[in-house]
Amino acid sequence: MIETKLGEFEEVLLLMVGILGENEAYPFKIAEEFESQTGRSVSIGAVHSTLDRLETKGFLKSEMGKPTAERGGRRKRIFTIT
């Protein structure tokens, strides 16, 4: 059975995904919003691993966005709450 308990950091990131909404909830933007809202710094690696964990637990889903010129043609992995 998949664990469904959430830690404080997981809860906060889940909230950040909800605040940012569709098309804006990608890891870098989530990290920026976290730092803005809490006044604490966070590593992008911690954000990525926590988002992956939340997706595994079934709280989030992700899909690849469209490539953008500002990112050199790379696509963003966008998260939404399930």
# chains A, B, ... in the order shown; residues from 1 in each chain; ligands from 1
call {"tool": "select_by_dssp", "arguments": {"residues": "stretch 8-72 of chain A", "states": "strand (DSSP E or B)", "output": "list in words"}}
result
Leu60, Lys61, Ser62, Glu63 and Met64 of chain A
call {"tool": "select_by_dssp", "arguments": {"residues": "stretch 5-47 of chain A", "states": "alpha helix (DSSP H)", "output": "ChimeraX atom specification"}}
result
/A:8-20,27-38,44-47
call {"tool": "residues_around", "arguments": {"residues": "stretch 58-63 of chain A", "least_positions_apart": "4", "cutoff": "8 Å", "atoms": "only C-alpha atoms", "output": "ChimeraX atom specification"}}
result
/A:14,51,54,77-82
call {"tool": "atom_distance", "arguments": {"atom1": "atom CA of A:Ile19", "atom2": "atom CA of A:Ala69"}}
result
25.3 Å
call {"tool": "residues_around", "arguments": {"residues": "stretch 29-32 of chain A", "least_positions_apart": "2", "cutoff": "9 Å", "atoms": "only C-alpha atoms", "output": "ChimeraX atom specification"}}
result
/A:13,16-17,20,24-27,34-37,41-44,47
call {"tool": "write_last_selection", "arguments": {"atoms": "C-alpha atoms", "output": "PDB file, in the first residue's frame"}}
result
ATOM      1  CA  LEU A  13       4.606  22.302  -1.828  1.00  0.00           C
ATOM      2  CA  MET A  16       2.168  26.033  -3.757  1.00  0.00           C
ATOM      3  CA  VAL A  17       0.966  23.911  -6.687  1.00  0.00           C
ATOM      4  CA  LEU A  20       0.139  28.661  -8.871  1.00  0.00           C
ATOM      5  CA  GLU A  24       2.511  27.841 -13.757  1.00  0.00           C
ATOM      6  CA  ALA A  25       3.211  24.984 -11.325  1.00  0.00           C
ATOM      7  CA  TYR A  26       6.627  23.826 -12.519  1.00  0.00           C
ATOM      8  CA  PRO A  27       9.561  23.162 -10.160  1.00  0.00           C
ATOM      9  CA  PHE A  34       7.995  28.832  -1.651  1.00  0.00           C
ATOM     10  CA  GLU A  35      10.808  31.292  -0.944  1.00  0.00           C
ATOM     11  CA  SER A  36       8.491  34.263  -1.475  1.00  0.00           C
ATOM     12  CA  GLN A  37       5.743  32.930   0.813  1.00  0.00           C
ATOM     13  CA  SER A  41      15.436  29.192   0.836  1.00  0.00           C
ATOM     14  CA  VAL A  42      14.965  25.815  -0.812  1.00  0.00           C
ATOM     15  CA  SER A  43      17.083  23.785  -3.204  1.00  0.00           C
ATOM     16  CA  ILE A  44      15.633  22.886  -6.571  1.00  0.00           C
ATOM     17  CA  VAL A  47      11.570  20.528  -4.762  1.00  0.00           C
TER      18      VAL A  47
END
call {"tool": "atom_distance", "arguments": {"atom1": "atom CA of A:Phe28", "atom2": "atom CA of A:Gly7"}}
result
20.6 Å
